Each structure stands twice: as C-alpha cells, then as structure tokens.
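Have a look at model.json; it's JSON, C-alpha atoms:
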[["chain", "number", "residue", "atom", "x", "y", "z"],
["A", 1, "MET", "CA", 10.48, -19.51, -44.75],
["A", 2, "ASN", "CA", 7.80, -19.90, -42.12],
["A", 3, "GLU", "CA", 9.12, -22.99, -40.37],
["A", 4, "MET", "CA", 11.41, -22.11, -37.47],
["A", 5, "SER", "CA", 13.04, -23.28, -34.28],
["A", 6, "LYS", "CA", 12.27, -21.95, -30.80],
["A", 7, "THR", "CA", 15.28, -19.66, -31.01],
["A", 8, "GLN", "CA", 14.23, -18.33, -34.40],
["A", 9, "LEU", "CA", 10.67, -17.76, -33.17],
["A", 10, "LEU", "CA", 11.89, -15.77, -30.16],
["A", 11, "GLU", "CA", 14.16, -13.77, -32.44],
["A", 12, "LYS", "CA", 11.25, -12.90, -34.71],
["A", 13, "VAL", "CA", 8.94, -12.03, -31.80],
["A", 14, "THR", "CA", 11.42, -9.70, -30.16],
["A", 15, "HIS", "CA", 12.80, -8.10, -33.32],
["A", 16, "SER", "CA", 9.63, -7.52, -35.33],
["A", 17, "ASN", "CA", 9.03, -4.18, -33.60],
["A", 18, "ARG", "CA", 8.52, -1.04, -35.69],
["A", 19, "PRO", "CA", 10.69, 2.08, -35.36],
["A", 20, "ASN", "CA", 7.76, 4.18, -34.13],
["A", 21, "GLY", "CA", 7.31, 1.97, -31.05],
["A", 22, "ASN", "CA", 8.35, 2.97, -27.55],
["A", 23, "PRO", "CA", 11.97, 1.82, -27.10],
["A", 24, "ARG", "CA", 11.64, 1.31, -23.35],
["A", 25, "VAL", "CA", 8.47, -0.76, -23.73],
["A", 26, "GLN", "CA", 10.12, -2.76, -26.52],
["A", 27, "LYS", "CA", 13.12, -3.54, -24.33],
["A", 28, "ILE", "CA", 11.02, -4.57, -21.31],
["A", 29, "THR", "CA", 8.65, -6.66, -23.43],
["A", 30, "ALA", "CA", 11.52, -8.48, -25.13],
["A", 31, "ARG", "CA", 13.06, -9.35, -21.77],
["A", 32, "ILE", "CA", 9.81, -10.61, -20.24],
["A", 33, "VAL", "CA", 8.78, -12.60, -23.33],
["A", 34, "GLY", "CA", 12.25, -14.11, -23.56],
["A", 35, "ASP", "CA", 12.17, -15.14, -19.90],
["A", 36, "LEU", "CA", 8.73, -16.73, -20.40],
["A", 37, "PHE", "CA", 9.88, -18.62, -23.50],
["A", 38, "ARG", "CA", 12.79, -20.03, -21.51],
["A", 39, "ALA", "CA", 10.53, -20.89, -18.53],
["A", 40, "ILE", "CA", 8.12, -22.81, -20.78],
["A", 41, "ASP", "CA", 11.03, -24.74, -22.26],
["A", 42, "ASP", "CA", 13.01, -25.32, -19.05],
["A", 43, "LEU", "CA", 9.95, -26.37, -17.00],
["A", 44, "ASP", "CA", 8.32, -28.32, -19.84],
["A", 45, "ILE", "CA", 5.08, -26.39, -19.40],
["A", 46, "GLN", "CA", 2.32, -28.25, -21.19],
["A", 47, "PRO", "CA", -0.40, -26.64, -23.33],
["A", 48, "ASP", "CA", -3.12, -27.35, -20.75],
["A", 49, "GLU", "CA", -1.00, -25.70, -18.05],
["A", 50, "PHE", "CA", -0.33, -22.71, -20.26],
["A", 51, "TRP", "CA", -3.98, -22.15, -21.15],
["A", 52, "ALA", "CA", -5.06, -22.68, -17.54],
["A", 53, "GLY", "CA", -2.67, -19.86, -16.68],
["A", 54, "VAL", "CA", -4.16, -17.64, -19.39],
["A", 55, "ASP", "CA", -7.65, -18.33, -18.04],
["A", 56, "TRP", "CA", -6.45, -17.48, -14.52],
["A", 57, "LEU", "CA", -4.97, -14.17, -15.72],
["A", 58, "SER", "CA", -8.26, -13.30, -17.45],
["A", 59, "ARG", "CA", -10.22, -13.99, -14.27],
["A", 60, "LEU", "CA", -7.66, -12.07, -12.20],
["A", 61, "ALA", "CA", -8.06, -9.00, -14.41],
["A", 62, "SER", "CA", -11.86, -9.06, -14.14],
["A", 63, "SER", "CA", -11.70, -9.55, -10.35],
["A", 64, "GLY", "CA", -9.75, -6.35, -9.72],
["A", 65, "GLN", "CA", -7.24, -8.27, -7.59],
["A", 66, "ALA", "CA", -4.08, -7.64, -9.61],
["A", 67, "GLY", "CA", -2.82, -5.36, -6.82],
["A", 68, "LEU", "CA", -3.15, -8.22, -4.33],
["A", 69, "ILE", "CA", -1.07, -10.51, -6.53],
["A", 70, "THR", "CA", 1.71, -7.95, -7.01],
["A", 71, "ALA", "CA", 1.88, -7.47, -3.23],
["A", 72, "GLY", "CA", 1.64, -11.16, -2.40],
["A", 73, "LEU", "CA", 4.39, -12.13, -4.83],
["A", 74, "GLY", "CA", 6.71, -9.49, -3.39],
["A", 75, "PHE", "CA", 6.82, -7.05, -6.29],
["A", 76, "ASP", "CA", 5.52, -4.08, -4.27],
["A", 77, "ARG", "CA", 8.12, -4.58, -1.55],
["A", 78, "LEU", "CA", 10.83, -5.17, -4.16],
["A", 79, "LEU", "CA", 10.15, -1.75, -5.66],
["A", 80, "ASP", "CA", 10.39, -0.20, -2.18],
["A", 81, "ILE", "CA", 13.66, -2.03, -1.47],
["A", 82, "ARG", "CA", 15.11, -0.68, -4.71],
["A", 83, "LEU", "CA", 14.03, 2.86, -3.77],
["A", 84, "ASP", "CA", 15.53, 2.40, -0.29],
["A", 85, "GLU", "CA", 18.81, 1.29, -1.84],
["A", 86, "ALA", "CA", 18.82, 4.32, -4.15],
["A", 87, "ASP", "CA", 18.18, 6.59, -1.16],
["A", 88, "GLU", "CA", 21.04, 4.93, 0.73],
["A", 89, "ARG", "CA", 23.41, 5.56, -2.15],
["A", 90, "ALA", "CA", 22.25, 9.19, -2.40],
["A", 91, "GLY", "CA", 22.41, 9.83, 1.36],
["A", 92, "ARG", "CA", 18.64, 10.34, 1.54],
["A", 93, "ASN", "CA", 17.77, 7.59, 4.00],
["A", 94, "ALA", "CA", 16.47, 9.80, 6.83],
["A", 95, "GLY", "CA", 12.80, 10.05, 7.67],
["A", 96, "THR", "CA", 9.83, 7.74, 8.04],
["A", 97, "PRO", "CA", 10.24, 4.48, 6.08],
["A", 98, "ARG", "CA", 8.11, 4.04, 3.00],
["A", 99, "ALA", "CA", 5.79, 1.03, 2.79],
["A", 100, "ILE", "CA", 3.60, -0.39, 0.07],
["A", 101, "GLU", "CA", 0.47, 1.50, -0.87],
["A", 102, "GLY", "CA", -1.66, -1.54, -1.63],
["A", 103, "PRO", "CA", -4.54, -1.56, -4.12],
["A", 104, "LEU", "CA", -7.24, 0.02, -1.97],
["A", 105, "TYR", "CA", -6.48, 3.75, -1.88],
["A", 106, "ILE", "CA", -9.28, 6.12, -2.95],
["A", 107, "ALA", "CA", -8.58, 9.82, -3.54],
["A", 108, "GLY", "CA", -10.81, 12.64, -2.37],
["A", 109, "ALA", "CA", -11.64, 11.63, 1.20],
["A", 110, "PRO", "CA", -13.31, 14.36, 3.33],
["A", 111, "LEU", "CA", -10.85, 16.96, 4.60],
["A", 112, "ALA", "CA", -10.59, 18.21, 8.19],
["A", 113, "LYS", "CA", -8.21, 20.60, 9.95],
["A", 114, "TYR", "CA", -5.99, 19.23, 12.74],
["A", 115, "GLU", "CA", -8.38, 16.58, 14.11],
["A", 116, "VAL", "CA", -11.22, 14.36, 12.96],
["A", 117, "ARG", "CA", -13.15, 11.20, 13.69],
["A", 118, "VAL", "CA", -12.27, 8.60, 11.07],
["A", 119, "ASP", "CA", -14.94, 6.31, 12.46],
["A", 120, "GLU", "CA", -18.45, 7.72, 12.26],
["A", 121, "GLU", "CA", -19.93, 9.62, 15.18],
["A", 122, "GLY", "CA", -22.86, 7.69, 16.60],
["A", 123, "ASP", "CA", -21.53, 4.30, 15.49],
["A", 124, "ALA", "CA", -21.81, 1.42, 17.90],
["A", 125, "LYS", "CA", -18.41, 0.53, 19.34],
["A", 126, "ARG", "CA", -16.58, -1.42, 16.65],
["A", 127, "GLY", "CA", -13.30, -2.17, 18.39],
["A", 128, "GLU", "CA", -10.78, -0.73, 20.79],
["A", 129, "THR", "CA", -11.06, 3.06, 20.71],
["A", 130, "MET", "CA", -7.83, 4.76, 19.72],
["A", 131, "VAL", "CA", -6.62, 8.26, 19.07],
["A", 132, "MET", "CA", -3.57, 8.44, 16.86],
["A", 133, "GLU", "CA", -1.73, 11.73, 17.02],
["A", 134, "GLY", "CA", 1.59, 13.34, 16.35],
["A", 135, "ARG", "CA", 3.30, 15.80, 14.07],
["A", 136, "VAL", "CA", 4.52, 16.02, 10.51],
["A", 137, "LEU", "CA", 8.16, 17.14, 10.57],
["A", 138, "ASP", "CA", 10.92, 17.70, 8.07],
["A", 139, "ILE", "CA", 14.26, 15.91, 8.47],
["A", 140, "HIS", "CA", 15.56, 18.81, 10.57],
["A", 141, "GLY", "CA", 12.74, 18.38, 13.10],
["A", 142, "GLU", "CA", 10.85, 21.47, 12.00],
["A", 143, "PRO", "CA", 7.03, 21.22, 11.96],
["A", 144, "VAL", "CA", 5.29, 21.14, 8.60],
["A", 145, "ALA", "CA", 2.15, 23.26, 8.72],
["A", 146, "GLY", "CA", -0.55, 22.55, 6.17],
["A", 147, "ALA", "CA", 0.58, 19.02, 5.34],
["A", 148, "ILE", "CA", -2.22, 16.67, 4.32],
["A", 149, "VAL", "CA", -2.33, 13.34, 6.15],
["A", 150, "ASP", "CA", -4.52, 10.96, 4.15],
["A", 151, "VAL", "CA", -5.52, 7.94, 6.27],
["A", 152, "TRP", "CA", -7.50, 4.80, 5.44],
["A", 153, "HIS", "CA", -8.00, 1.44, 7.13],
["A", 154, "ALA", "CA", -10.25, -1.62, 7.13],
["A", 155, "ASN", "CA", -13.43, -2.03, 9.13],
["A", 156, "GLU", "CA", -13.93, -4.59, 11.89],
["A", 157, "LEU", "CA", -14.48, -7.29, 9.26],
["A", 158, "GLY", "CA", -11.26, -6.50, 7.40],
["A", 159, "ARG", "CA", -13.02, -4.78, 4.52],
["A", 160, "TYR", "CA", -12.41, -1.41, 2.88],
["A", 161, "SER", "CA", -15.02, 1.12, 1.85],
["A", 162, "HIS", "CA", -15.57, 1.69, -1.87],
["A", 163, "PHE", "CA", -14.63, -1.97, -2.45],
["A", 164, "ASP", "CA", -17.23, -3.16, 0.06],
["A", 165, "PRO", "CA", -20.83, -2.32, -0.96],
["A", 166, "ASP", "CA", -21.99, -2.49, 2.67],
["A", 167, "GLN", "CA", -19.98, 0.63, 3.61],
["A", 168, "ALA", "CA", -20.42, 4.29, 2.77],
["A", 169, "GLU", "CA", -18.11, 5.60, 0.03],
["A", 170, "TYR", "CA", -15.53, 7.21, 2.31],
["A", 171, "ALA", "CA", -16.07, 5.18, 5.46],
["A", 172, "LEU", "CA", -12.83, 4.97, 7.48],
["A", 173, "ARG", "CA", -11.11, 7.34, 5.06],
["A", 174, "ARG", "CA", -10.19, 10.92, 5.93],
["A", 175, "ARG", "CA", -7.67, 13.65, 5.11],
["A", 176, "ILE", "CA", -6.28, 15.82, 7.89],
["A", 177, "GLU", "CA", -4.54, 19.16, 7.41],
["A", 178, "THR", "CA", -1.85, 19.77, 10.02],
["A", 179, "ASP", "CA", -1.98, 22.92, 12.16],
["A", 180, "ALA", "CA", 0.72, 25.57, 12.58],
["A", 181, "GLN", "CA", 2.70, 23.20, 14.83],
["A", 182, "GLY", "CA", 2.48, 20.40, 12.28],
["A", 183, "ARG", "CA", 0.06, 18.47, 14.47],
["A", 184, "TYR", "CA", -2.66, 16.01, 13.47],
["A", 185, "ARG", "CA", -4.87, 13.65, 15.41],
["A", 186, "PHE", "CA", -7.78, 11.36, 14.68],
["A", 187, "ARG", "CA", -10.08, 9.02, 16.49],
["A", 188, "SER", "CA", -11.00, 5.58, 15.23],
["A", 189, "PHE", "CA", -10.67, 1.98, 16.43],
["A", 190, "LEU", "CA", -7.74, -0.40, 16.14],
["A", 191, "PRO", "CA", -8.46, -2.34, 12.94],
["A", 192, "PRO", "CA", -8.01, -6.11, 12.75],
["A", 193, "GLY", "CA", -5.88, -8.08, 10.35],
["A", 194, "TYR", "CA", -7.60, -9.83, 7.51],
["A", 195, "ALA", "CA", -7.17, -12.43, 4.75],
["A", 196, "ILE", "CA", -7.37, -12.28, 0.97],
["A", 197, "PRO", "CA", -10.83, -12.97, -0.47],
["A", 198, "PRO", "CA", -11.72, -16.68, -0.46],
["A", 199, "ASN", "CA", -12.78, -18.44, -3.66],
["A", 200, "SER", "CA", -10.92, -15.89, -5.76],
["A", 201, "PRO", "CA", -8.10, -15.99, -8.31],
["A", 202, "THR", "CA", -5.73, -14.76, -5.59],
["A", 203, "SER", "CA", -6.70, -17.46, -3.11],
["A", 204, "GLU", "CA", -6.48, -20.12, -5.86],
["A", 205, "LEU", "CA", -2.85, -19.27, -6.56],
["A", 206, "PHE", "CA", -1.77, -19.06, -2.94],
["A", 207, "SER", "CA", -3.51, -22.29, -2.07],
["A", 208, "ALA", "CA", -1.74, -23.98, -4.97],
["A", 209, "ILE", "CA", 1.70, -22.76, -3.90],
["A", 210, "GLY", "CA", 1.01, -23.49, -0.23],
["A", 211, "ARG", "CA", 1.03, -19.98, 1.21],
["A", 212, "HIS", "CA", -1.42, -18.20, 3.49],
["A", 213, "GLY", "CA", -3.03, -14.91, 2.49],
["A", 214, "ASN", "CA", -3.16, -13.11, 5.83],
["A", 215, "ARG", "CA", -2.22, -9.52, 6.55],
["A", 216, "PRO", "CA", -1.53, -8.17, 10.05],
["A", 217, "ALA", "CA", -3.53, -5.23, 11.40],
["A", 218, "HIS", "CA", -2.34, -2.01, 9.78],
["A", 219, "ILE", "CA", -3.30, 1.58, 8.88],
["A", 220, "HIS", "CA", -2.39, 3.25, 5.58],
["A", 221, "PHE", "CA", -1.14, 6.81, 5.08],
["A", 222, "LEU", "CA", -0.34, 9.14, 2.19],
["A", 223, "VAL", "CA", 1.32, 12.33, 3.48],
["A", 224, "VAL", "CA", 1.89, 15.29, 1.17],
["A", 225, "ALA", "CA", 3.24, 18.82, 1.62],
["A", 226, "PRO", "CA", 4.67, 21.42, -0.79],
["A", 227, "GLY", "CA", 8.40, 21.00, -1.34],
["A", 228, "LEU", "CA", 8.56, 17.64, 0.43],
["A", 229, "ARG", "CA", 8.68, 14.15, -1.02],
["A", 230, "THR", "CA", 5.29, 12.46, -0.85],
["A", 231, "LEU", "CA", 5.33, 9.72, 1.78],
["A", 232, "THR", "CA", 3.41, 6.51, 1.16],
["A", 233, "THR", "CA", 3.52, 4.25, 4.20],
["A", 234, "GLN", "CA", 1.56, 2.05, 6.56],
["A", 235, "VAL", "CA", 1.89, 1.31, 10.26],
["A", 236, "ASN", "CA", 1.32, -1.98, 12.06],
["A", 237, "VAL", "CA", -0.58, -2.66, 15.26],
["A", 238, "PRO", "CA", 1.70, -4.64, 17.62],
["A", 239, "GLY", "CA", 0.71, -8.07, 18.87],
["A", 240, "ASP", "CA", -0.79, -9.37, 15.62],
["A", 241, "SER", "CA", 0.25, -12.98, 14.97],
["A", 242, "PHE", "CA", 1.06, -12.17, 11.33],
["A", 243, "ILE", "CA", 3.17, -9.07, 11.98],
["A", 244, "ASP", "CA", 6.35, -11.00, 11.08],
["A", 245, "ASP", "CA", 4.64, -13.16, 8.45],
["A", 246, "ASP", "CA", 2.74, -10.65, 6.33],
["A", 247, "PHE", "CA", 1.27, -11.99, 3.08],
["A", 248, "ALA", "CA", 2.36, -8.70, 1.43],
["A", 249, "PHE", "CA", 5.81, -8.47, 3.10],
["A", 250, "ALA", "CA", 4.95, -4.90, 4.15],
["A", 251, "THR", "CA", 5.92, -4.92, 7.85],
["A", 252, "ARG", "CA", 8.81, -2.57, 8.64],
["A", 253, "ASP", "CA", 10.58, -2.38, 11.98],
["A", 254, "GLY", "CA", 10.31, 1.41, 12.13],
["A", 255, "LEU", "CA", 6.56, 1.33, 11.50],
["A", 256, "ILE", "CA", 5.29, -0.78, 14.41],
["A", 257, "LEU", "CA", 3.18, 1.39, 16.68],
["A", 258, "GLN", "CA", 3.50, 1.97, 20.40],
["A", 259, "LEU", "CA", 0.13, 1.68, 22.18],
["A", 260, "GLU", "CA", -0.52, 3.70, 25.32],
["A", 261, "LYS", "CA", -3.40, 1.83, 26.91],
["A", 262, "ASN", "CA", -5.83, 3.39, 29.41],
["A", 263, "THR", "CA", -4.98, 6.99, 28.52],
["A", 264, "PRO", "CA", -7.31, 9.39, 30.42],
["A", 265, "ALA", "CA", -10.00, 11.05, 28.29],
["A", 266, "ARG", "CA", -9.25, 14.58, 29.48],
["A", 267, "GLY", "CA", -8.28, 16.80, 26.56],
["A", 268, "TYR", "CA", -9.86, 14.53, 23.96],
["A", 269, "GLU", "CA", -13.49, 15.48, 24.49],
["A", 270, "SER", "CA", -13.63, 17.21, 21.09],
["A", 271, "LEU", "CA", -13.25, 13.76, 19.54],
["A", 272, "GLY", "CA", -16.11, 12.37, 21.59],
["A", 273, "VAL", "CA", -13.79, 10.49, 23.94],
["A", 274, "ASN", "CA", -15.28, 10.24, 27.44],
["A", 275, "GLU", "CA", -13.54, 7.21, 28.92],
["A", 276, "PRO", "CA", -9.98, 5.81, 28.97],
["A", 277, "PHE", "CA", -8.74, 4.89, 25.50],
["A", 278, "THR", "CA", -5.63, 3.76, 23.63],
["A", 279, "ARG", "CA", -3.38, 6.61, 22.58],
["A", 280, "VAL", "CA", -1.13, 6.00, 19.57],
["A", 281, "PRO", "CA", 1.68, 8.55, 19.17],
["A", 282, "PHE", "CA", 3.41, 8.73, 15.79],
["A", 283, "ASP", "CA", 5.37, 11.44, 13.97],
["A", 284, "PHE", "CA", 5.84, 11.47, 10.19],
["A", 285, "ILE", "CA", 9.25, 12.72, 9.08],
["A", 286, "MET", "CA", 9.43, 13.81, 5.44],
["A", 287, "GLN", "CA", 12.33, 14.19, 3.04],
["A", 288, "PRO", "CA", 12.78, 17.31, 0.92],
["A", 289, "ALA", "CA", 11.70, 16.81, -2.69],
["A", 290, "ILE", "CA", 14.37, 17.14, -5.34],
["A", 291, "ASP", "CA", 11.82, 17.93, -8.06],
["A", 292, "GLU", "CA", 8.11, 18.57, -8.50],
["A", 293, "SER", "CA", 7.29, 14.95, -9.31],
["A", 294, "GLU", "CA", 8.50, 13.82, -5.88],
["A", 295, "ALA", "CA", 6.06, 16.22, -4.22],
["A", 296, "SER", "CA", 3.10, 15.09, -6.33],
["A", 297, "PRO", "CA", -0.02, 14.67, -4.18],
["A", 298, "GLN", "CA", -1.12, 11.67, -6.25],
["A", 299, "ALA", "CA", -1.00, 8.09, -5.06],
["A", 300, "ARG", "CA", 1.53, 5.82, -6.75],
["A", 301, "VAL", "CA", -0.65, 4.28, -9.44],
["A", 302, "ALA", "CA", -2.30, 7.59, -10.32],
["A", 303, "ARG", "CA", 1.10, 9.23, -10.62],
["A", 304, "ALA", "CA", 2.37, 6.44, -12.85],
["A", 305, "VAL", "CA", -0.52, 6.38, -15.31],
["A", 306, "GLY", "CA", -1.13, 10.12, -15.33]]

File written out as structure tokens:
Amino acid sequence: MNEMSKTQLLEKVTHSNRPNGNPRVQKITARIVGDLFRAIDDLDIQPDEFWAGVDWLSRLASSGQAGLITAGLGFDRLLDIRLDEADERAGRNAGTPRAIEGPLYIAGAPLAKYEVRVDEEGDAKRGETMVMEGRVLDIHGEPVAGAIVDVWHANELGRYSHFDPDQAEYALRRRIETDAQGRYRFRSFLPPGYAIPPNSPTSELFSAIGRHGNRPAHIHFLVVAPGLRTLTTQVNVPGDSFIDDDFAFATRDGLILQLEKNTPARGYESLGVNEPFTRVPFDFIMQPAIDESEASPQARVARAVG
C-alpha cells in the first residue's frame, strides 16, 4: 500500500526512524518536518516556490551566511531570552547581560597582558581614537585576575578580518589578560555600523520581506576565567541611528557605552595616545559557573559542536 494521504505520509516520515537513532534528534526532526508539512498545506505553497526555497538554502549554505540569517530572523536573541528567563527563575540574573555572539568570531587572537592596541601601530587614523578600559569583577565586586578578555570589531568599512581578504588574519582582534586588580584596557577606534552583504542570499530574503539589514556600531567580547561562567556579549556605541532598530535584535539597554570625549592623553602614552581621545569605561561582571561546561573558554558554536 504505497498510495497515501498527507496525514499518512507525515506519519510514515516521522515514524520510520530506527531504534539506533538519536531520540532527541528524532523528536526535533519530527516536530520541524511536521510544522513544515502543515505550512506547505496551510499556505498553499506551490512546487516552484518550494524548489526556489531549496535553491536559496543551497546558496545560503555555500555563502557562509547562515549565521546572519539566524541572527536576522531573531533566533540568536530568542536563545538568549530563554537563557535570561532560566537565570531569572534560578536567581542568577546578576552580572553583565549576555548578547549574541554573531557568526564572525575567530579563536586564537594574539594575547597581551593588561593593555594592547587592537588597531595596528603605525596605521593611518581610521576613526575616532578610543581607549576602552575597566575591570573584570565577580558578582560580589571582587576583581578577577587572569581573566581573558577576547575582543573583536569591524574595520572602518564594516568588515571583519578573516572574512575580509583585504585585512590581516587577526586585524582588530586581540585577547587581553587582566592584571592583579582585574584591569584591562585597549586602544582602537570607534567602529561604524554596517549592513549585510548586498547581492547575497541574506539580502535577497530581507529585501523580499521588506526589512533592512543594518547593524548599529558595536564591539564583541568573549570573557573567560576559571570558575566563572563564560560571558559572550557585545556593547553598542551610542548615537547610532540603528541602535534601537538592529537587524540582529542584539541591542541591550545595559550594554550601551558611555563615551568620555576629549579625555587628556596623560597616562595613556604606553598605548601611543598623545592627544585628547575618547575614553570608554566598562566593567564586566561575571557569574560563578555551576559546572565545568559553563566555564568553557570556547565560543558558543565551538562548544556546541565539540
């Protein structure tokens, strides 16, 4: 009996699994396939529409932009909201807010102690000079010595090294080890906001649904320390026109920077600062880890796939 109705087909698809399969994967797959079957039926999706979607997914995979789609459709922020809700229920909602990692993290950036130039010494001025500095603290306000503050941001054109062939491998990427007082500081320039790549699978979708693909100016961080929960976050530069309309929904009220313009250069000579600059104070406050996995130094995707 190989003729069947839609209901019978879905039943066969979702119940033809073998006992040696992964039960969790089977359950998730059955739910997603079932939802897609119902969407095709409810929305009367035509074969040409379906196969156009398959072609788009194939081109998306080869473009390396899947991480942009997950952020732009709200999945990354949804996962953070769920984690925030779990923390609220568990009474673990103190500390610096988490924010989405995005798809552009690269491990292994050069390591410095206490302070470093994230921009390259000798570069022509590429934007407004800033020094961001502060401390890594636990939730009791105690300094965390030896924490690693991993920082990365876009260049003046809104592009990231490693993904942009015109930049050196670790351009605008550094790791900073905090000193005995938990302090870090780095010099760079205030990055601009940027848009998703034009003429790409991502831009095709967002044009079709009538949404922009702009992100406000921001700086990414991954902060790790033994015994503390790894913090993945990003901070926003105030004044950007998209700060409340982020393509990736990543803006958080507790992560908008305060800029101290025209700060005197005295005391910052070791960073090559010799004229007034913009100082950016920011402390990272980290939760205690409840197990070793929470203190993993890996970024989110690396931790998930092993």

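Summary of the local environment: counting only C-alpha atoms, residues at most 9 Å from range 156-164 of chain A, other than itself and those fewer than 6 positions away along its chain, are Leu104, Ile106, Arg126, Gly127, Tyr170, Ala171, Leu172, Arg173, Phe189, Leu190, Pro191, Pro192, Gly193, Tyr194, Ala195 and Ala217 of chain A.
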
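Shortest atom-to-atom contact with Gly53 in chain A among A:Leu271, A:Ile40, A:Glu3, A:Ala109: A:Ile40, counting all atoms listed in the file.
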
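Distances from A:Arg59, A:Arg185, A:Lys12, A:Arg18 to Thr202 in chain A were compared using only C-alpha atoms, and the smallest one belongs to A:Arg59.
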
Subject >> Selected residue, from A:Pro201, A:Pro143, A:Pro19, A:Gly227, that lies nearest to Ile290 in chain A when counting only C-alpha atoms >> reply: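 Of all the options, A:Gly227 lies closest to Ile290 in chain A.
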
Original post:
From the list A:Pro198, A:Gly182, A:Gly134, A:Pro226, which residue is nearest Ser293 in chain A when using only C-alpha atoms?
Top reply: A:Pro226

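Near Glu133 in chain A, within a cut-off of 8 Å and counting only C-alpha atoms, sit the residues Arg183, Tyr184, Arg185, Phe186, Arg279, Val280, Pro281, Phe282 and Asp283 of chain A, with same-chain residues fewer than 4 positions away left out.
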
Original post:
Taking (5.6, 25.3, 15.0) in the file's coordinates, which residues come within 8 Å, counting all atoms listed in the file, written as a count of residues only?
Top reply: 7

Original post:
From the list A:Arg300, A:Arg175, A:Arg266, A:Arg252, which residue is nearest Ala112 in chain A when using only C-alpha atoms?
Top reply: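 Using only C-alpha atoms, Ala112 in chain A sits closest to A:Arg175.
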
Kindly complete range 112-119 of chain A to all heavy atoms; the output should be written as an mmCIF file, keeping the file's coordinate frame.
data_model
loop_
_atom_site.group_PDB
_atom_site.id
_atom_site.type_symbol
_atom_site.label_atom_id
_atom_site.label_comp_id
_atom_site.auth_asym_id
_atom_site.auth_seq_id
_atom_site.Cartn_x
_atom_site.Cartn_y
_atom_site.Cartn_z
ATOM 1 N N ALA A 112 -10.387 17.527 6.915
ATOM 2 C CA ALA A 112 -10.590 18.210 8.190
ATOM 3 C C ALA A 112 -9.291 18.918 8.571
ATOM 4 O O ALA A 112 -8.219 18.594 8.063
ATOM 5 C CB ALA A 112 -10.985 17.219 9.277
ATOM 6 N N LYS A 113 -9.386 19.888 9.475
ATOM 7 C CA LYS A 113 -8.210 20.600 9.950
ATOM 8 C C LYS A 113 -7.840 20.101 11.347
ATOM 9 O O LYS A 113 -8.683 20.089 12.250
ATOM 10 C CB LYS A 113 -8.459 22.113 9.976
ATOM 11 C CG LYS A 113 -8.614 22.719 8.579
ATOM 12 C CD LYS A 113 -8.795 24.225 8.652
ATOM 13 C CE LYS A 113 -8.950 24.838 7.267
ATOM 14 N NZ LYS A 113 -7.721 24.694 6.468
ATOM 15 N N TYR A 114 -6.626 19.667 11.500
ATOM 16 C CA TYR A 114 -5.990 19.230 12.740
ATOM 17 C C TYR A 114 -6.534 17.912 13.277
ATOM 18 O O TYR A 114 -5.786 16.976 13.523
ATOM 19 C CB TYR A 114 -6.051 20.304 13.814
ATOM 20 C CG TYR A 114 -5.626 19.813 15.189
ATOM 21 C CD1 TYR A 114 -4.414 19.158 15.373
ATOM 22 C CD2 TYR A 114 -6.442 20.003 16.297
ATOM 23 C CE1 TYR A 114 -4.030 18.694 16.633
ATOM 24 C CE2 TYR A 114 -6.070 19.557 17.554
ATOM 25 C CZ TYR A 114 -4.865 18.895 17.714
ATOM 26 O OH TYR A 114 -4.490 18.432 18.950
ATOM 27 N N GLU A 115 -7.865 17.799 13.506
ATOM 28 C CA GLU A 115 -8.380 16.580 14.110
ATOM 29 C C GLU A 115 -9.698 16.171 13.467
ATOM 30 O O GLU A 115 -10.422 17.001 12.902
ATOM 31 C CB GLU A 115 -8.573 16.758 15.621
ATOM 32 C CG GLU A 115 -9.672 17.720 16.005
ATOM 33 C CD GLU A 115 -9.948 17.740 17.500
ATOM 34 O OE1 GLU A 115 -9.172 17.146 18.273
ATOM 35 O OE2 GLU A 115 -10.953 18.360 17.893
ATOM 36 N N VAL A 116 -10.006 14.855 13.563
ATOM 37 C CA VAL A 116 -11.220 14.360 12.960
ATOM 38 C C VAL A 116 -11.519 12.974 13.518
ATOM 39 O O VAL A 116 -10.610 12.280 13.996
ATOM 40 C CB VAL A 116 -11.078 14.289 11.414
ATOM 41 C CG1 VAL A 116 -10.137 13.173 10.996
ATOM 42 C CG2 VAL A 116 -12.422 14.132 10.733
ATOM 43 N N ARG A 117 -12.773 12.587 13.452
ATOM 44 C CA ARG A 117 -13.150 11.200 13.690
ATOM 45 C C ARG A 117 -13.122 10.463 12.354
ATOM 46 O O ARG A 117 -13.825 10.842 11.410
ATOM 47 C CB ARG A 117 -14.539 11.100 14.311
ATOM 48 C CG ARG A 117 -14.583 11.453 15.784
ATOM 49 C CD ARG A 117 -15.889 11.016 16.419
ATOM 50 N NE ARG A 117 -16.056 9.557 16.433
ATOM 51 C CZ ARG A 117 -16.924 8.921 17.211
ATOM 52 N NH1 ARG A 117 -17.708 9.617 18.032
ATOM 53 N NH2 ARG A 117 -17.022 7.612 17.180
ATOM 54 N N VAL A 118 -12.303 9.433 12.266
ATOM 55 C CA VAL A 118 -12.270 8.600 11.070
ATOM 56 C C VAL A 118 -13.428 7.604 11.117
ATOM 57 O O VAL A 118 -14.035 7.299 10.095
ATOM 58 C CB VAL A 118 -10.906 7.890 10.944
ATOM 59 C CG1 VAL A 118 -10.915 6.860 9.829
ATOM 60 C CG2 VAL A 118 -9.811 8.925 10.694
ATOM 61 N N ASP A 119 -13.706 7.084 12.305
ATOM 62 C CA ASP A 119 -14.940 6.310 12.460
ATOM 63 C C ASP A 119 -16.100 7.301 12.535
ATOM 64 O O ASP A 119 -15.915 8.493 12.771
ATOM 65 C CB ASP A 119 -14.890 5.416 13.691
ATOM 66 C CG ASP A 119 -14.719 6.207 14.990
ATOM 67 O OD1 ASP A 119 -14.278 7.369 14.942
ATOM 68 O OD2 ASP A 119 -15.023 5.651 16.056
#
